[in-house]
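What follows is a single structure, written as structure tokens, with notes after it.
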Amino acid sequence: MPEGVQYPDIIDKVIKDKDGNVVLIMREDRPWDGSQQRIVELREKINTYVAFARQGQLAADYPDLVGKLVFFQLWCIQHHPDPRLVEFLDRANAQLAQHALQISVKVIEVITPEMRRQELRQARGGRFSWLLRLLGKEFKLRSRS
């Protein structure tokens with residue numbers, strides 16, 4: 001099933017956090033471009049989530065979560081929110097508070113092993129070190145790249 005802000009009628013994820021609260025996750029993989037279209041898409045997604053949480057569908061789909069606090073979280077994958085998004089979310093939270101809801105942002109940066117190696121090479125001028133731990137002893141190895 002597709003996920004993302006561009007699919008306003010889909011609930012991306014429903015999770016129970018460590019405190020037992022319900023977190024409804026909205027996922028965004030695209031970079032924030034400051035456009036009005038992206039804000040409109042997010043507004044539609046938020047409205048879907050409010051209806052899901054407050055009109056009984058959450059309780060019908062997840063009866064074990066009835067009575068738990070509900071939070072929204074926007075997962076921005078690889079991209080930080082732009083100023084226009086931050087301003088929009090401030091206004092959205094003022095309105096969501098009327099329904100005892102709020103939305104927060106979590107930026108998730110995925111770093112693959114190859115990306116990490118490249119960062120290390122750049123940080124050390126093309127050379128990087130490996131720290132090898134064998135049986136409690138540390139050995140420092142240097143690459144020859």
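Chain labels follow the order of the structure tokens: the first chain is A, the next B, and so on; residue numbering restarts at 1 in every chain, and ligands are counted from 1 in their shown order.
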
### Message
Set the distance at 12 Å and use only C-alpha atoms: which residues neighbour Ala53 (chain A) once local chain neighbours fewer than 6 positions away are removed? I'd like the list as a ChimeraX atom specification.
### Response
/A:11,14,22-24,46-47,59-62,65-72,96,99-102

Take the residues from that selection and write them out as a compact mmCIF listing (two decimals), in the first residue's frame, keeping N, CA and C atoms.
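Below is the file that was written, again26.txt:
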# COMPACT_ATOMS: atom_id res chain seq x y z
N ILE A 11 -3.92 6.16 5.83
CA ILE A 11 -3.23 6.26 7.12
C ILE A 11 -1.93 5.47 6.95
N VAL A 14 0.14 3.17 12.11
CA VAL A 14 -0.41 3.33 13.45
C VAL A 14 0.51 2.54 14.37
N VAL A 22 -1.02 6.24 21.32
CA VAL A 22 -1.17 5.95 19.90
C VAL A 22 -0.46 7.05 19.12
N VAL A 23 0.38 6.64 18.17
CA VAL A 23 1.05 7.60 17.29
C VAL A 23 0.65 7.26 15.86
N LEU A 24 0.01 8.22 15.22
CA LEU A 24 -0.37 8.06 13.82
C LEU A 24 0.70 8.74 12.98
N ILE A 46 -3.66 15.67 7.20
CA ILE A 46 -3.98 15.93 8.61
C ILE A 46 -5.49 15.80 8.83
N ASN A 47 -6.29 16.35 7.94
CA ASN A 47 -7.75 16.25 8.08
C ASN A 47 -8.20 14.80 8.07
N ALA A 59 -10.83 3.49 16.67
CA ALA A 59 -11.37 2.57 17.67
C ALA A 59 -11.89 1.28 17.02
N ALA A 60 -12.50 1.41 15.85
CA ALA A 60 -13.02 0.22 15.16
C ALA A 60 -11.88 -0.68 14.67
N ASP A 61 -10.83 -0.06 14.14
CA ASP A 61 -9.70 -0.83 13.59
C ASP A 61 -8.74 -1.34 14.66
N TYR A 62 -8.64 -0.61 15.76
CA TYR A 62 -7.69 -0.95 16.83
C TYR A 62 -8.39 -0.85 18.19
N LEU A 65 -6.63 0.00 21.48
CA LEU A 65 -6.06 1.32 21.68
C LEU A 65 -7.09 2.36 22.14
N VAL A 66 -8.32 1.92 22.35
CA VAL A 66 -9.38 2.83 22.79
C VAL A 66 -9.00 3.44 24.14
N GLY A 67 -9.18 4.75 24.24
CA GLY A 67 -8.91 5.45 25.49
C GLY A 67 -7.48 5.92 25.64
N LYS A 68 -6.61 5.58 24.69
CA LYS A 68 -5.21 6.02 24.75
C LYS A 68 -5.09 7.42 24.16
N LEU A 69 -4.07 8.16 24.59
CA LEU A 69 -3.78 9.45 23.99
C LEU A 69 -3.33 9.24 22.55
N VAL A 70 -3.72 10.16 21.67
CA VAL A 70 -3.39 10.06 20.26
C VAL A 70 -2.53 11.26 19.86
N PHE A 71 -1.43 10.95 19.19
CA PHE A 71 -0.52 11.97 18.66
C PHE A 71 -0.30 11.71 17.19
N PHE A 72 -0.02 12.78 16.45
CA PHE A 72 0.37 12.66 15.05
C PHE A 72 1.86 12.95 14.95
N LEU A 96 -5.37 21.86 16.08
CA LEU A 96 -5.45 20.49 16.60
C LEU A 96 -5.65 20.45 18.10
N HIS A 99 -8.94 19.71 19.54
CA HIS A 99 -9.37 18.30 19.52
C HIS A 99 -8.48 17.44 20.41
N ALA A 100 -7.69 18.07 21.26
CA ALA A 100 -6.73 17.38 22.13
C ALA A 100 -5.73 16.56 21.32
N LEU A 101 -5.31 17.11 20.18
CA LEU A 101 -4.34 16.46 19.31
C LEU A 101 -3.17 17.40 19.07
N GLN A 102 -2.06 16.83 18.62
CA GLN A 102 -0.93 17.64 18.19
C GLN A 102 -0.11 16.86 17.18

### Closest of A:Gln57, A:Thr112, A:Gln36, A:Asn93 to Gln78 (chain A) - atom-to-atom distances counting only C-alpha atoms
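Closest to Gln78 (chain A) of all the choices is A:Thr112.
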
### Task
Rank A:Glu3, A:Asp64, A:Glu28, A:Glu41 by their smallest atom-to-atom distance to Lys16 (chain A), using only C-alpha atoms, and report the top residue only.
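Using only C-alpha atoms, Lys16 (chain A) sits closest to A:Asp64.
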
### Query
Running DSSP on the backbone, which parts of chain A land in strand (DSSP E or B), as a ChimeraX atom specification?
/A:13-16,22-28,70-77,103-108,129-134,137-142

### Task
Write out as a PyMOL selection string all residues of region 49-139 of chain A that backbone DSSP assigns to alpha helix (DSSP H).
chain A and resi 49-54+57-61+83-96+113-123

Got time to write the residues from that selection, C-alpha atoms, as a short mmCIF file (atom, residue, chain, number, x, y, z; two decimals), in the first residue's frame?
data_model
loop_
_atom_site.label_atom_id
_atom_site.label_comp_id
_atom_site.auth_asym_id
_atom_site.auth_seq_id
_atom_site.Cartn_x
_atom_site.Cartn_y
_atom_site.Cartn_z
CA TYR A 49 -5.99 11.70 10.39
CA VAL A 50 -8.25 13.87 12.56
CA ALA A 51 -11.33 12.15 11.13
CA PHE A 52 -9.73 8.71 11.63
CA ALA A 53 -8.90 9.48 15.26
CA ARG A 54 -12.08 11.32 16.25
CA GLN A 57 -12.41 4.48 12.74
CA LEU A 58 -9.29 4.23 14.94
CA ALA A 59 -11.37 2.57 17.67
CA ALA A 60 -13.02 0.22 15.16
CA ASP A 61 -9.70 -0.83 13.59
CA PRO A 83 10.33 27.51 7.11
CA ARG A 84 6.95 27.50 5.39
CA LEU A 85 6.20 24.01 6.71
CA VAL A 86 7.23 24.97 10.24
CA GLU A 87 4.92 27.99 10.12
CA PHE A 88 2.05 25.83 8.80
CA LEU A 89 2.57 23.22 11.54
CA ASP A 90 2.46 25.93 14.23
CA ARG A 91 -0.94 27.03 12.92
CA ALA A 92 -2.10 23.42 12.54
CA ASN A 93 -1.15 22.62 16.15
CA ALA A 94 -3.20 25.58 17.38
CA GLN A 95 -6.25 24.09 15.62
CA LEU A 96 -5.45 20.49 16.60
CA PRO A 113 27.31 1.89 5.09
CA GLU A 114 28.65 3.29 1.81
CA MET A 115 27.48 6.81 2.72
CA ARG A 116 29.23 6.46 6.08
CA ARG A 117 32.46 5.34 4.42
CA GLN A 118 32.34 8.34 2.09
CA GLU A 119 31.81 10.70 5.04
CA LEU A 120 34.77 9.20 6.85
CA ARG A 121 37.00 9.49 3.77
CA GLN A 122 36.04 13.14 3.30
CA ALA A 123 36.56 13.93 6.97
#

### Message
Report, in Å with one decimal, the straight-line distance from CA of Pro63 (chain A) to CA of Gln6 (chain A).
### Response
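It comes out at 27.8 Å.
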
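For the choices A:Pro81, A:Cys76, A:Val40, A:Lys45, the atom-to-atom distance to Lys106 (chain A) is smallest for A:Cys76 when using only C-alpha atoms.
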
#### Entry: Which of A:Lys13, A:Arg43, A:His79, A:Lys18 sits closest to Pro31 (chain A) [using only C-alpha atoms]
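Among the listed residues, the smallest separation from Pro31 (chain A) belongs to A:His79.
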
### Query
Distance CA of Gly34 (chain A)-CA of Asp82 (chain A), one decimal place?
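So the two atoms, CA of Gly34 (chain A) and CA of Asp82 (chain A), lie 6.4 Å apart.
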
### Contact residues around Leu74 (chain A) with only C-alpha atoms at 6 Å, ignoring same-chain residues under 6 positions, as an MDAnalysis selection string
chainID A and resid 25:27 105

Please save C-alpha atoms of the selected residues as a compact mmCIF listing (two decimals), in the first residue's frame.
# COMPACT_ATOMS: atom_id res chain seq x y z
CA ILE A 25 2.53 8.41 11.42
CA MET A 26 2.53 10.49 8.23
CA ARG A 27 5.51 9.80 5.99
CA VAL A 105 8.05 16.25 13.19

All residues 7 Å or closer to Thr48 (chain A), only C-alpha atoms, same chain fewer than 4 positions away omitted, as a PDB file with N, CA and C atoms, in the first residue's frame:
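Final output, saved to result-v3.pdb:
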ATOM      1  N   PRO A   8      -3.504  11.419   0.496  1.00  0.00           N
ATOM      2  CA  PRO A   8      -4.210  11.980   1.655  1.00  0.00           C
ATOM      3  C   PRO A   8      -5.238  11.062   2.304  1.00  0.00           C
ATOM      4  N   ASP A   9      -5.737  10.070   1.591  1.00  0.00           N
ATOM      5  CA  ASP A   9      -6.786   9.213   2.150  1.00  0.00           C
ATOM      6  C   ASP A   9      -6.242   7.961   2.819  1.00  0.00           C
ATOM      7  N   GLU A  44      -4.647  18.190   3.818  1.00  0.00           N
ATOM      8  CA  GLU A  44      -5.613  17.132   3.522  1.00  0.00           C
ATOM      9  C   GLU A  44      -5.290  15.862   4.315  1.00  0.00           C
ATOM     10  N   PHE A  52     -10.032  10.093  11.232  1.00  0.00           N
ATOM     11  CA  PHE A  52      -9.734   8.712  11.625  1.00  0.00           C
ATOM     12  C   PHE A  52      -9.694   8.580  13.145  1.00  0.00           C
TER      13      PHE A  52
END

### Query
How many Å lie between CA of Val107 (chain A) and CA of His80 (chain A), rounded to one decimal?
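Computed distance, CA of Val107 (chain A) to CA of His80 (chain A), equals 6.2 Å.
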
### Query
When distances are computed from only C-alpha atoms, which of A:Gln55, A:Gln37, A:Gln98, A:Ser104 shows the smallest separation from Val5 (chain A)?
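Going through A:Gln55, A:Gln37, A:Gln98, A:Ser104 one by one, the smallest distance to Val5 (chain A) is for A:Gln37.
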
#### Entry: Shortest interatomic distance to Ile15 (chain A) - which of A:Ile103, A:Gln73, A:Met1, A:Leu42, counting only C-alpha atoms
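With only C-alpha atoms as the atom set, the closest residue is A:Gln73.
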